[in-house]
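The structure file coords_8.pdb is reproduced below (PDB, C-alpha atoms).
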```pdb
MODEL        1
ATOM      1  CA  MET A   1     -83.138-118.962-101.020
ATOM      2  CA  GLN A   2     -82.725-119.474 -97.320
ATOM      3  CA  HIS A   3     -85.651-120.039 -95.028
ATOM      4  CA  PRO A   4     -85.527-118.972 -91.404
ATOM      5  CA  VAL A   5     -84.970-121.926 -89.116
ATOM      6  CA  ALA A   6     -88.067-121.162 -87.061
ATOM      7  CA  SER A   7     -90.815-118.622 -86.740
ATOM      8  CA  LEU A   8     -90.477-115.745 -84.311
ATOM      9  CA  PRO A   9     -93.189-116.903 -81.853
ATOM     10  CA  THR A  10     -91.516-120.325 -81.648
ATOM     11  CA  ILE A  11     -88.194-118.833 -80.591
ATOM     12  CA  LEU A  12     -89.942-116.438 -78.226
ATOM     13  CA  LEU A  13     -91.787-119.355 -76.614
ATOM     14  CA  ILE A  14     -88.510-121.210 -76.085
ATOM     15  CA  ALA A  15     -87.074-118.086 -74.489
ATOM     16  CA  ALA A  16     -90.225-117.729 -72.381
ATOM     17  CA  ILE A  17     -89.792-121.264 -71.026
ATOM     18  CA  MET A  18     -86.190-120.451 -70.174
ATOM     19  CA  PHE A  19     -87.200-117.184 -68.515
ATOM     20  CA  VAL A  20     -89.862-118.866 -66.381
ATOM     21  CA  CYS A  21     -87.395-121.593 -65.371
ATOM     22  CA  GLY A  22     -84.932-118.921 -64.295
ATOM     23  CA  ALA A  23     -87.571-117.014 -62.347
ATOM     24  CA  VAL A  24     -88.787-120.159 -60.568
ATOM     25  CA  CYS A  25     -85.170-121.123 -59.898
ATOM     26  CA  MET A  26     -84.534-117.741 -58.282
ATOM     27  CA  ALA A  27     -87.671-118.133 -56.194
ATOM     28  CA  THR A  28     -87.165-121.682 -54.952
ATOM     29  CA  LYS A  29     -83.440-122.149 -54.428
ATOM     30  CA  ARG A  30     -82.076-121.504 -50.971
ATOM     31  CA  ASN A  31     -78.472-121.536 -52.055
ATOM     32  CA  ALA A  32     -77.201-118.127 -53.141
ATOM     33  CA  VAL A  33     -75.272-119.720 -56.007
ATOM     34  CA  GLY A  34     -78.525-121.377 -57.130
ATOM     35  CA  ILE A  35     -80.177-117.971 -57.250
ATOM     36  CA  LEU A  36     -77.274-116.690 -59.338
ATOM     37  CA  ILE A  37     -77.785-119.628 -61.736
ATOM     38  CA  GLY A  38     -81.450-118.645 -62.049
ATOM     39  CA  ALA A  39     -80.480-115.074 -62.864
ATOM     40  CA  GLU A  40     -78.135-116.337 -65.578
ATOM     41  CA  LEU A  41     -81.017-118.296 -67.116
ATOM     42  CA  VAL A  42     -83.253-115.222 -67.144
ATOM     43  CA  LEU A  43     -80.592-113.077 -68.805
ATOM     44  CA  ASN A  44     -79.840-115.822 -71.297
ATOM     45  CA  ALA A  45     -83.510-115.933 -72.275
ATOM     46  CA  SER A  46     -83.398-112.189 -72.927
ATOM     47  CA  ASN A  47     -80.335-112.691 -75.144
ATOM     48  CA  LEU A  48     -82.204-115.335 -77.108
ATOM     49  CA  ASN A  49     -85.012-112.844 -77.659
ATOM     50  CA  PHE A  50     -82.585-110.164 -78.823
ATOM     51  CA  VAL A  51     -80.938-112.461 -81.349
ATOM     52  CA  ALA A  52     -84.322-113.729 -82.548
ATOM     53  CA  PHE A  53     -85.487-110.172 -83.181
ATOM     54  CA  ALA A  54     -82.246-109.370 -84.979
ATOM     55  CA  TYR A  55     -82.783-112.473 -87.115
ATOM     56  CA  LEU A  56     -86.439-112.187 -88.028
ATOM     57  CA  THR A  57     -87.296-108.493 -87.963
ATOM     58  CA  PRO A  58     -86.006-105.708 -90.198
ATOM     59  CA  PHE A  59     -84.140-104.022 -87.352
ATOM     60  CA  GLY A  60     -80.828-105.346 -88.540
ATOM     61  CA  ILE A  61     -77.814-105.962 -86.384
ATOM     62  CA  ASP A  62     -78.963-103.909 -83.366
ATOM     63  CA  GLY A  63     -80.385-106.931 -81.578
ATOM     64  CA  GLN A  64     -77.052-108.690 -81.769
ATOM     65  CA  VAL A  65     -75.320-105.632 -80.327
ATOM     66  CA  PHE A  66     -77.653-105.731 -77.357
ATOM     67  CA  ALA A  67     -77.146-109.474 -77.056
ATOM     68  CA  LEU A  68     -73.419-108.786 -76.753
ATOM     69  CA  PHE A  69     -74.121-106.334 -73.948
ATOM     70  CA  GLY A  70     -76.394-108.958 -72.447
ATOM     71  CA  ILE A  71     -73.545-111.468 -72.453
ATOM     72  CA  VAL A  72     -70.857-109.195 -71.067
ATOM     73  CA  LEU A  73     -72.883-107.563 -68.301
ATOM     74  CA  PRO A  74     -74.041-110.856 -66.677
ATOM     75  CA  ALA A  75     -70.380-111.896 -66.580
ATOM     76  CA  ALA A  76     -69.667-108.802 -64.511
ATOM     77  CA  GLU A  77     -72.783-109.463 -62.443
ATOM     78  CA  ALA A  78     -71.678-113.044 -61.758
ATOM     79  CA  ALA A  79     -68.223-111.876 -60.700
ATOM     80  CA  ILE A  80     -69.535-109.315 -58.237
ATOM     81  CA  ALA A  81     -72.268-111.652 -56.950
ATOM     82  CA  LEU A  82     -69.775-114.437 -56.304
ATOM     83  CA  ALA A  83     -67.487-111.996 -54.505
ATOM     84  CA  ILE A  84     -70.396-111.027 -52.260
ATOM     85  CA  ILE A  85     -71.336-114.692 -51.736
ATOM     86  CA  LEU A  86     -67.750-115.569 -50.813
ATOM     87  CA  ASN A  87     -67.588-112.651 -48.409
ATOM     88  CA  PHE A  88     -70.880-113.706 -46.873
ATOM     89  CA  TYR A  89     -69.678-117.282 -46.594
ATOM     90  CA  ASN A  90     -66.512-116.125 -44.850
ATOM     91  CA  ASN A  91     -68.583-114.230 -42.328
ATOM     92  CA  HIS A  92     -71.460-116.641 -41.720
ATOM     93  CA  MET A  93     -70.147-120.042 -42.894
ATOM     94  CA  THR A  94     -73.322-120.565 -44.929
ATOM     95  CA  VAL A  95     -74.780-119.479 -48.239
ATOM     96  CA  ASP A  96     -78.389-120.061 -47.216
ATOM     97  CA  VAL A  97     -80.213-116.923 -48.254
ATOM     98  CA  ASP A  98     -82.835-117.415 -45.557
ATOM     99  CA  ARG A  99     -80.119-116.635 -43.032
ATOM    100  CA  ALA A 100     -78.774-113.729 -45.025
ATOM    101  CA  THR A 101     -80.567-111.120 -43.009
ATOM    102  CA  GLU A 102     -77.468-109.010 -42.654
ATOM    103  CA  LEU A 103     -74.364-108.779 -44.765
ATOM    104  CA  LYS A 104     -72.090-107.550 -41.950
ATOM    105  CA  ASP A 105     -70.969-109.947 -39.281
TER     106      ASP A 105
ATOM    107  CA  MET B   1     -83.573-132.863 -97.653
ATOM    108  CA  LEU B   2     -80.442-130.789 -97.187
ATOM    109  CA  ASP B   3     -82.582-127.706 -96.672
ATOM    110  CA  LEU B   4     -84.217-129.337 -93.670
ATOM    111  CA  TRP B   5     -81.013-129.727 -91.668
ATOM    112  CA  PRO B   6     -81.152-126.252 -90.074
ATOM    113  CA  GLN B   7     -84.715-126.927 -88.912
ATOM    114  CA  ILE B   8     -83.798-130.349 -87.514
ATOM    115  CA  LEU B   9     -80.767-128.909 -85.732
ATOM    116  CA  PHE B  10     -82.879-126.056 -84.416
ATOM    117  CA  TRP B  11     -85.383-128.409 -82.835
ATOM    118  CA  ILE B  12     -82.680-130.642 -81.373
ATOM    119  CA  LEU B  13     -80.961-127.636 -79.801
ATOM    120  CA  ALA B  14     -84.273-126.179 -78.662
ATOM    121  CA  VAL B  15     -85.184-129.424 -76.900
ATOM    122  CA  VAL B  16     -81.733-129.571 -75.290
ATOM    123  CA  THR B  17     -82.054-125.972 -74.121
ATOM    124  CA  VAL B  18     -85.562-126.327 -72.745
ATOM    125  CA  VAL B  19     -84.929-129.661 -71.004
ATOM    126  CA  SER B  20     -81.727-128.323 -69.453
ATOM    127  CA  SER B  21     -83.505-125.194 -68.256
ATOM    128  CA  VAL B  22     -86.197-127.271 -66.567
ATOM    129  CA  ALA B  23     -83.532-129.549 -65.096
ATOM    130  CA  VAL B  24     -81.764-126.527 -63.565
ATOM    131  CA  VAL B  25     -84.919-125.818 -61.593
ATOM    132  CA  VAL B  26     -85.572-129.433 -60.628
ATOM    133  CA  ALA B  27     -81.981-130.275 -59.638
ATOM    134  CA  GLN B  28     -81.511-130.370 -55.895
ATOM    135  CA  ASN B  29     -77.743-130.408 -56.000
ATOM    136  CA  VAL B  30     -76.275-127.050 -56.878
ATOM    137  CA  VAL B  31     -73.359-128.619 -58.780
ATOM    138  CA  ARG B  32     -75.809-130.500 -60.967
ATOM    139  CA  ALA B  33     -77.770-127.307 -61.492
ATOM    140  CA  ALA B  34     -74.553-125.662 -62.689
ATOM    141  CA  VAL B  35     -73.893-128.518 -65.116
ATOM    142  CA  TRP B  36     -77.446-128.315 -66.467
ATOM    143  CA  LEU B  37     -76.905-124.583 -66.863
ATOM    144  CA  LEU B  38     -73.835-125.438 -68.956
ATOM    145  CA  PHE B  39     -76.006-127.469 -71.340
ATOM    146  CA  ALA B  40     -78.648-124.754 -71.478
ATOM    147  CA  LEU B  41     -76.078-122.076 -72.314
ATOM    148  CA  ALA B  42     -74.348-124.255 -74.895
ATOM    149  CA  GLY B  43     -77.694-125.053 -76.519
ATOM    150  CA  THR B  44     -78.463-121.352 -76.650
ATOM    151  CA  ALA B  45     -75.104-120.738 -78.308
ATOM    152  CA  GLY B  46     -76.064-123.314 -80.940
ATOM    153  CA  LEU B  47     -79.373-121.518 -81.479
ATOM    154  CA  PHE B  48     -77.410-118.268 -81.941
ATOM    155  CA  PHE B  49     -75.293-119.926 -84.633
ATOM    156  CA  LEU B  50     -78.421-121.180 -86.390
ATOM    157  CA  MET B  51     -79.958-117.714 -86.263
ATOM    158  CA  GLY B  52     -77.044-116.187 -88.135
ATOM    159  CA  ALA B  53     -75.414-114.626 -85.095
ATOM    160  CA  ASP B  54     -72.058-116.321 -85.380
ATOM    161  CA  PHE B  55     -70.106-113.713 -83.447
ATOM    162  CA  VAL B  56     -72.649-113.597 -80.647
ATOM    163  CA  GLY B  57     -72.690-117.382 -80.471
ATOM    164  CA  ALA B  58     -68.908-117.529 -80.233
ATOM    165  CA  THR B  59     -68.964-114.840 -77.563
ATOM    166  CA  GLN B  60     -71.610-116.788 -75.683
ATOM    167  CA  LEU B  61     -69.409-119.875 -75.723
ATOM    168  CA  LEU B  62     -66.286-117.956 -74.700
ATOM    169  CA  ILE B  63     -67.644-115.664 -72.007
ATOM    170  CA  TYR B  64     -70.757-117.380 -70.722
ATOM    171  CA  VAL B  65     -69.851-121.053 -70.957
ATOM    172  CA  GLY B  66     -66.122-120.612 -70.549
ATOM    173  CA  GLY B  67     -66.023-117.758 -68.078
ATOM    174  CA  THR B  68     -69.190-117.251 -66.118
ATOM    175  CA  LEU B  69     -69.917-120.928 -65.629
ATOM    176  CA  VAL B  70     -66.393-121.652 -64.413
ATOM    177  CA  LEU B  71     -66.874-118.772 -61.988
ATOM    178  CA  VAL B  72     -70.151-120.298 -60.775
ATOM    179  CA  VAL B  73     -68.586-123.730 -60.338
ATOM    180  CA  PHE B  74     -65.712-122.231 -58.370
ATOM    181  CA  GLY B  75     -68.253-120.374 -56.260
ATOM    182  CA  VAL B  76     -70.006-123.658 -55.556
ATOM    183  CA  MET B  77     -66.764-125.374 -54.629
ATOM    184  CA  LEU B  78     -65.600-122.542 -52.403
ATOM    185  CA  THR B  79     -68.866-122.365 -50.503
ATOM    186  CA  ALA B  80     -69.800-126.052 -50.437
ATOM    187  CA  ARG B  81     -69.887-127.400 -46.937
ATOM    188  CA  GLY B  82     -71.827-130.456 -45.921
ATOM    189  CA  PRO B  83     -75.572-129.976 -45.878
ATOM    190  CA  PHE B  84     -75.507-126.604 -47.568
ATOM    191  CA  VAL B  85     -74.771-128.084 -50.977
ATOM    192  CA  ARG B  86     -78.234-129.587 -51.034
ATOM    193  CA  MET B  87     -81.121-127.224 -51.292
ATOM    194  CA  GLU B  88     -84.160-128.560 -49.550
ATOM    195  CA  THR B  89     -87.348-127.082 -50.862
ATOM    196  CA  HIS B  90     -90.623-128.078 -49.270
ATOM    197  CA  SER B  91     -93.389-129.549 -51.375
ATOM    198  CA  ALA B  92     -95.685-126.648 -50.553
ATOM    199  CA  GLU B  93     -93.087-124.269 -51.934
ATOM    200  CA  TRP B  94     -92.745-126.431 -55.023
ATOM    201  CA  THR B  95     -96.500-126.281 -55.554
ATOM    202  CA  LEU B  96     -96.566-122.525 -55.131
ATOM    203  CA  ALA B  97     -93.558-122.078 -57.396
ATOM    204  CA  ALA B  98     -95.097-124.331 -60.049
ATOM    205  CA  VAL B  99     -98.382-122.419 -59.948
ATOM    206  CA  VAL B 100     -96.647-119.046 -60.173
ATOM    207  CA  GLY B 101     -94.310-120.288 -62.889
ATOM    208  CA  LEU B 102     -97.109-121.747 -64.979
ATOM    209  CA  ALA B 103     -99.141-118.564 -64.579
ATOM    210  CA  LEU B 104     -96.162-116.487 -65.673
ATOM    211  CA  PHE B 105     -95.540-118.761 -68.641
ATOM    212  CA  GLY B 106     -99.222-118.607 -69.579
ATOM    213  CA  LEU B 107     -99.065-114.829 -69.521
ATOM    214  CA  LEU B 108     -95.914-114.731 -71.659
ATOM    215  CA  ALA B 109     -97.148-117.366 -74.113
ATOM    216  CA  GLY B 110    -100.513-115.651 -74.445
ATOM    217  CA  SER B 111     -98.820-112.327 -75.140
ATOM    218  CA  ILE B 112     -96.418-113.867 -77.672
ATOM    219  CA  LEU B 113     -99.172-115.673 -79.550
ATOM    220  CA  ALA B 114    -101.590-112.754 -79.411
ATOM    221  CA  ALA B 115     -99.187-110.102 -80.647
ATOM    222  CA  SER B 116     -98.822-109.535 -84.376
ATOM    223  CA  TRP B 117     -95.173-109.976 -85.205
ATOM    224  CA  PRO B 118     -93.776-108.863 -88.571
ATOM    225  CA  GLU B 119     -94.138-111.727 -90.966
ATOM    226  CA  LYS B 120     -91.000-113.314 -92.279
ATOM    227  CA  GLY B 121     -92.539-113.046 -95.735
ATOM    228  CA  SER B 122     -92.427-109.276 -95.442
ATOM    229  CA  LEU B 123     -88.650-109.518 -95.614
ATOM    230  CA  GLY B 124     -86.830-110.573 -98.686
ATOM    231  CA  PRO B 125     -84.569-113.560 -98.082
ATOM    232  CA  ALA B 126     -81.586-111.394 -98.921
ATOM    233  CA  GLU B 127     -82.438-109.125 -96.033
ATOM    234  CA  LEU B 128     -82.345-111.912 -93.507
ATOM    235  CA  ASN B 129     -79.222-111.631 -91.443
ATOM    236  CA  ALA B 130     -78.755-115.349 -91.926
ATOM    237  CA  THR B 131     -77.403-114.686 -95.361
ATOM    238  CA  SER B 132     -74.723-112.416 -93.969
ATOM    239  CA  SER B 133     -71.676-114.416 -93.055
ATOM    240  CA  ARG B 134     -69.774-111.453 -91.676
ATOM    241  CA  THR B 135     -71.669-110.391 -88.600
ATOM    242  CA  SER B 136     -68.430-109.573 -86.803
ATOM    243  CA  LEU B 137     -67.722-106.868 -89.376
ATOM    244  CA  ASP B 138     -71.305-105.603 -89.150
ATOM    245  CA  LEU B 139     -71.130-105.613 -85.355
ATOM    246  CA  GLY B 140     -67.899-103.641 -85.368
ATOM    247  CA  LEU B 141     -69.393-101.113 -87.768
ATOM    248  CA  ALA B 142     -72.528-100.890 -85.644
ATOM    249  CA  PHE B 143     -70.396-100.131 -82.613
ATOM    250  CA  LEU B 144     -68.797 -97.313 -84.571
ATOM    251  CA  GLY B 145     -72.110 -96.034 -85.936
ATOM    252  CA  ILE B 146     -71.400 -96.842 -89.573
ATOM    253  CA  PRO B 147     -74.371 -98.446 -91.337
ATOM    254  CA  PRO B 148     -73.563-101.930 -92.590
ATOM    255  CA  GLN B 149     -73.486-102.258 -96.347
ATOM    256  CA  ARG B 150     -75.667-105.126 -97.444
ATOM    257  CA  ALA B 151     -74.783-107.304-100.362
ATOM    258  CA  GLY B 152     -77.755-106.189-102.392
ATOM    259  CA  GLY B 153     -77.209-102.556-101.546
ATOM    260  CA  VAL B 154     -80.076-102.766 -99.054
ATOM    261  CA  GLU B 155     -79.286-101.015 -95.823
ATOM    262  CA  THR B 156     -81.004-101.798 -92.571
ATOM    263  CA  THR B 157     -83.094 -99.242 -90.786
ATOM    264  CA  ALA B 158     -80.222 -98.465 -88.450
ATOM    265  CA  GLY B 159     -77.863 -95.933 -89.889
ATOM    266  CA  HIS B 160     -80.327 -93.982 -91.974
ATOM    267  CA  ASP B 161     -80.304 -91.283 -89.342
ATOM    268  CA  PRO B 162     -77.199 -89.133 -89.761
ATOM    269  CA  ALA B 163     -77.326 -88.342 -86.053
ATOM    270  CA  ASN B 164     -76.948 -92.051 -85.284
ATOM    271  CA  ILE B 165     -73.602 -92.407 -83.579
ATOM    272  CA  GLY B 166     -73.919 -96.130 -83.016
ATOM    273  CA  TYR B 167     -73.005 -97.922 -79.852
ATOM    274  CA  LEU B 168     -69.639 -96.345 -79.194
ATOM    275  CA  LEU B 169     -70.719 -94.691 -75.941
ATOM    276  CA  PRO B 170     -72.433 -97.811 -74.512
ATOM    277  CA  PHE B 171     -69.347 -99.776 -75.508
ATOM    278  CA  GLU B 172     -67.123 -97.379 -73.543
ATOM    279  CA  ILE B 173     -69.509 -97.462 -70.594
ATOM    280  CA  VAL B 174     -69.437-101.257 -70.578
ATOM    281  CA  SER B 175     -65.641-101.190 -70.699
ATOM    282  CA  VAL B 176     -65.416 -98.895 -67.685
ATOM    283  CA  HIS B 177     -68.142-100.915 -65.972
ATOM    284  CA  LEU B 178     -66.151-104.127 -66.404
ATOM    285  CA  LEU B 179     -63.061-102.458 -64.956
ATOM    286  CA  VAL B 180     -65.027-101.183 -61.958
ATOM    287  CA  VAL B 181     -66.583-104.613 -61.438
ATOM    288  CA  LEU B 182     -63.160-106.264 -61.603
ATOM    289  CA  ILE B 183     -61.761-103.949 -58.948
ATOM    290  CA  GLY B 184     -64.895-104.278 -56.841
ATOM    291  CA  ALA B 185     -64.938-108.062 -57.016
ATOM    292  CA  ALA B 186     -61.262-108.271 -56.097
ATOM    293  CA  TYR B 187     -61.824-105.901 -53.185
ATOM    294  CA  LEU B 188     -64.898-107.750 -51.920
ATOM    295  CA  ALA B 189     -63.349-111.184 -52.187
ATOM    296  CA  ARG B 190     -60.093-110.148 -50.539
ATOM    297  CA  SER B 191     -61.099-107.759 -47.819
ATOM    298  CA  LYS B 192     -62.265-110.368 -45.348
ATOM    299  CA  ARG B 193     -59.170-112.465 -45.734
ATOM    300  CA  ARG B 194     -56.914-109.475 -45.171
ATOM    301  CA  ARG B 195     -58.842-108.445 -42.096
ATOM    302  CA  ALA B 196     -58.779-111.975 -40.717
ATOM    303  CA  ARG B 197     -55.046-112.053 -41.181
ATOM    304  CA  GLY B 198     -54.708-108.751 -39.382
ATOM    305  CA  VAL B 199     -56.798-110.045 -36.465
TER     306      VAL B 199
ENDMDL
END
```
Is it possible to express this structure as structure tokens?
Amino acid sequence: MQHPVASLPTILLIAAIMFVCGAVCMATKRNAVGILIGAELVLNASNLNFVAFAYLTPFGIDGQVFALFGIVLPAAEAAIALAIILNFYNNHMTVDVDRATELKD
Amino acid sequence: MLDLWPQILFWILAVVTVVSSVAVVVAQNVVRAAVWLLFALAGTAGLFFLMGADFVGATQLLIYVGGTLVLVVFGVMLTARGPFVRMETHSAEWTLAAVVGLALFGLLAGSILAASWPEKGSLGPAELNATSSRTSLDLGLAFLGIPPQRAGGVETTAGHDPANIGYLLPFEIVSVHLLVVLIGAAYLARSKRRRARGV
């Protein structure tokens, strides 16, 4: 007899806090890398939701499959975003997004 | 008492995750924000382990914590230059961000608490995925479209449809997507340097 470690709304509330932190982080940071960190938090919150639904609802393993996609795709997103940030830094010598009005130099 | 350990661990990891997430927002130094993100992601991996998703938790540790975060830290180090490491945010912006964030959280929390989620009592304990210690096998079968065989002969809802082909096509698409992203990232990160060398 194994009880679930927490109820579904509890896990969803934790993920909601994480999501809001990521959204606020994306909105307030000026540094492009800071915005990328915020996006990682948002996607991580969605993964937590997927795993929670796979754990506590009768949908089976599908949530974990989507959580795997949600782990692999942000890795690709981080790689491409950092390539763009590096390219922008090489052109403008700054990563301040307020100055990122154009990507070409 | 031994039965309470998963709950105690869950709350410890939940507090670590939540506090680290808040600290990511509050941190003014982008390197510190990255380190707080490390704790948040590691805490989430622990939550995955507690929720019976051992393979997903291991993948989270390997790819997210080990790969993506190293990438972010290298991005910080490659673009750090004097005053740009610090991110000045005015107090008015903080106030606005806090108001918007709290409103968004209120909306999400209200929706979560108002919705009627399936009760955990509606599932037998044997059907909880926590009892399955072989999620990697189940995940591999799900990718191939084969319904996982439960211990008690109880199958999940996925796989009852004979037309269900599983996640083979999304898996292939993700593979090709990763290859394209790899080539694109290499091209984007190298093109400027090559052009600068030519000029």
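Our summary of the geometry notes that atom CA of Gln64 of chain A is positioned 9.8 Å from atom CA of Ala142 of chain B.
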Near segment 101-111 of chain B, within 12 Å and counting all atoms listed in the file, which residues show up once chain neighbours fewer than 5 positions away are dropped, as a PyMOL selection string? (chain A and resi 9-28) or (chain B and resi 22+25+93-96+116-117)
Please produce a file of the residues just selected, as a compact mmCIF listing (two decimals), in the coordinates of the input, where the atoms kept are C-alpha atoms.
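Writing done, so here's out-v3.txt:
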```txt
# COMPACT_ATOMS: atom_id res chain seq x y z
CA PRO A 9 -93.19 -116.90 -81.85
CA THR A 10 -91.52 -120.32 -81.65
CA ILE A 11 -88.19 -118.83 -80.59
CA LEU A 12 -89.94 -116.44 -78.23
CA LEU A 13 -91.79 -119.36 -76.61
CA ILE A 14 -88.51 -121.21 -76.08
CA ALA A 15 -87.07 -118.09 -74.49
CA ALA A 16 -90.22 -117.73 -72.38
CA ILE A 17 -89.79 -121.26 -71.03
CA MET A 18 -86.19 -120.45 -70.17
CA PHE A 19 -87.20 -117.18 -68.52
CA VAL A 20 -89.86 -118.87 -66.38
CA CYS A 21 -87.40 -121.59 -65.37
CA GLY A 22 -84.93 -118.92 -64.30
CA ALA A 23 -87.57 -117.01 -62.35
CA VAL A 24 -88.79 -120.16 -60.57
CA CYS A 25 -85.17 -121.12 -59.90
CA MET A 26 -84.53 -117.74 -58.28
CA ALA A 27 -87.67 -118.13 -56.19
CA THR A 28 -87.16 -121.68 -54.95
CA VAL B 22 -86.20 -127.27 -66.57
CA VAL B 25 -84.92 -125.82 -61.59
CA GLU B 93 -93.09 -124.27 -51.93
CA TRP B 94 -92.74 -126.43 -55.02
CA THR B 95 -96.50 -126.28 -55.55
CA LEU B 96 -96.57 -122.52 -55.13
CA SER B 116 -98.82 -109.54 -84.38
CA TRP B 117 -95.17 -109.98 -85.20
```
Could you list, as a ChimeraX atom specification, every residue within 6 Å of segment 86-96 of chain A, counting all atoms listed in the file and ignoring same-chain residues fewer than 5 positions away? /A:30-32,105 /B:189
Deliver the residues from the most recent selection as a file, using C-alpha atoms, as a PDB file, in the frame of the given file.
```pdb
ATOM      1  CA  ARG A  30     -82.076-121.504 -50.971  1.00  0.00           C
ATOM      2  CA  ASN A  31     -78.472-121.536 -52.055  1.00  0.00           C
ATOM      3  CA  ALA A  32     -77.201-118.127 -53.141  1.00  0.00           C
ATOM      4  CA  ASP A 105     -70.969-109.947 -39.281  1.00  0.00           C
TER       5      ASP A 105
ATOM      6  CA  ALA B 189     -63.349-111.184 -52.187  1.00  0.00           C
TER       7      ALA B 189
END
```
Write out as number ranges by chain which residues come within 8 Å of Val24 of chain B when counting only C-alpha atoms, dropping same-chain ones fewer than 6 positions away. A: 21, 25; B: 32-34, 36-37
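Counting only C-alpha atoms and comparing B:Leu69, B:Ala115, B:Leu9, B:Val180, the residue that lies closest to Leu41 of chain B is B:Leu69.
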Excluding Asn47 of chain A and any residue of its chain fewer than 3 positions from it, enumerate the residues within 10 Å of it, using only C-alpha atoms, and give them as a PyMOL selection string. (chain A and resi 15+41-44+50-53+63-64+66-71) or (chain B and resi 44+48+56+60)
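If you look at atom CA of His90 of chain B and atom CA of Ala100 of chain A, they are 19.1 Å away from each other.
Nearest-residue note for Ile85 of chain A: choosing from B:Ala80, B:Leu169, B:Ile112, B:Val35, the minimum distance belongs to B:Ala80, counting all atoms listed in the file.
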As lines of an AutoDock Vina configuration file, what would the box around segment 2-16 of chain A look like: edges along x, y and z, 8 Å added on every side, centre and edge lengths in Å to one decimal?
```
center_x = -88.0
center_y = -118.8
center_z = -84.9
size_x = 26.5
size_y = 22.2
size_z = 40.9
```
Evaluate the PyMOL selection byres ((chain B and resi 75) around 10) against this structure - the residues, as a ChimeraX atom specification, please. /A:32-33,78-79,81-83,85-86 /B:69-74,76-80
Hey, can you spit out that residue selection with C-alpha atoms as an mmCIF file, keeping the file's coordinate frame?
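Output (part.cif):
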```cif
data_model
loop_
_atom_site.group_PDB
_atom_site.id
_atom_site.type_symbol
_atom_site.label_atom_id
_atom_site.label_comp_id
_atom_site.auth_asym_id
_atom_site.auth_seq_id
_atom_site.Cartn_x
_atom_site.Cartn_y
_atom_site.Cartn_z
ATOM 1 C CA ALA A 32 -77.201 -118.127 -53.141
ATOM 2 C CA VAL A 33 -75.272 -119.720 -56.007
ATOM 3 C CA ALA A 78 -71.678 -113.044 -61.758
ATOM 4 C CA ALA A 79 -68.223 -111.876 -60.700
ATOM 5 C CA ALA A 81 -72.268 -111.652 -56.950
ATOM 6 C CA LEU A 82 -69.775 -114.437 -56.304
ATOM 7 C CA ALA A 83 -67.487 -111.996 -54.505
ATOM 8 C CA ILE A 85 -71.336 -114.692 -51.736
ATOM 9 C CA LEU A 86 -67.750 -115.569 -50.813
ATOM 10 C CA LEU B 69 -69.917 -120.928 -65.629
ATOM 11 C CA VAL B 70 -66.393 -121.652 -64.413
ATOM 12 C CA LEU B 71 -66.874 -118.772 -61.988
ATOM 13 C CA VAL B 72 -70.151 -120.298 -60.775
ATOM 14 C CA VAL B 73 -68.586 -123.730 -60.338
ATOM 15 C CA PHE B 74 -65.712 -122.231 -58.370
ATOM 16 C CA VAL B 76 -70.006 -123.658 -55.556
ATOM 17 C CA MET B 77 -66.764 -125.374 -54.629
ATOM 18 C CA LEU B 78 -65.600 -122.542 -52.403
ATOM 19 C CA THR B 79 -68.866 -122.365 -50.503
ATOM 20 C CA ALA B 80 -69.800 -126.052 -50.437
#
```
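Running the PyMOL selection byres ((chain B and resi 188) around 9) on this file leaves Ile80, Ala83, Ile84, Leu86 and Asn87 of chain A; Ile183, Gly184, Ala185, Ala186, Tyr187, Ala189, Arg190, Ser191 and Lys192 of chain B selected.
The two atoms in question, atom CA of Pro6 of chain B and atom CA of Ser136 of chain B, are spaced 21.2 Å apart.
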Output the residue selection produced by the PyMOL selection byres ((chain B and resi 177) around 12) on the file above, formatted as a short mmCIF file (atom, residue, chain, number, x, y, z; two decimals) with C-alpha atoms, in the frame of the given file.
```cif
data_model
loop_
_atom_site.label_atom_id
_atom_site.label_comp_id
_atom_site.auth_asym_id
_atom_site.auth_seq_id
_atom_site.Cartn_x
_atom_site.Cartn_y
_atom_site.Cartn_z
CA PHE A 69 -74.12 -106.33 -73.95
CA VAL A 72 -70.86 -109.20 -71.07
CA LEU A 73 -72.88 -107.56 -68.30
CA PRO A 74 -74.04 -110.86 -66.68
CA ALA A 75 -70.38 -111.90 -66.58
CA ALA A 76 -69.67 -108.80 -64.51
CA GLU A 77 -72.78 -109.46 -62.44
CA ILE A 80 -69.54 -109.32 -58.24
CA PRO B 170 -72.43 -97.81 -74.51
CA PHE B 171 -69.35 -99.78 -75.51
CA GLU B 172 -67.12 -97.38 -73.54
CA ILE B 173 -69.51 -97.46 -70.59
CA VAL B 174 -69.44 -101.26 -70.58
CA SER B 175 -65.64 -101.19 -70.70
CA VAL B 176 -65.42 -98.90 -67.68
CA LEU B 178 -66.15 -104.13 -66.40
CA LEU B 179 -63.06 -102.46 -64.96
CA VAL B 180 -65.03 -101.18 -61.96
CA VAL B 181 -66.58 -104.61 -61.44
CA LEU B 182 -63.16 -106.26 -61.60
CA ILE B 183 -61.76 -103.95 -58.95
CA GLY B 184 -64.90 -104.28 -56.84
CA ALA B 185 -64.94 -108.06 -57.02
#
```
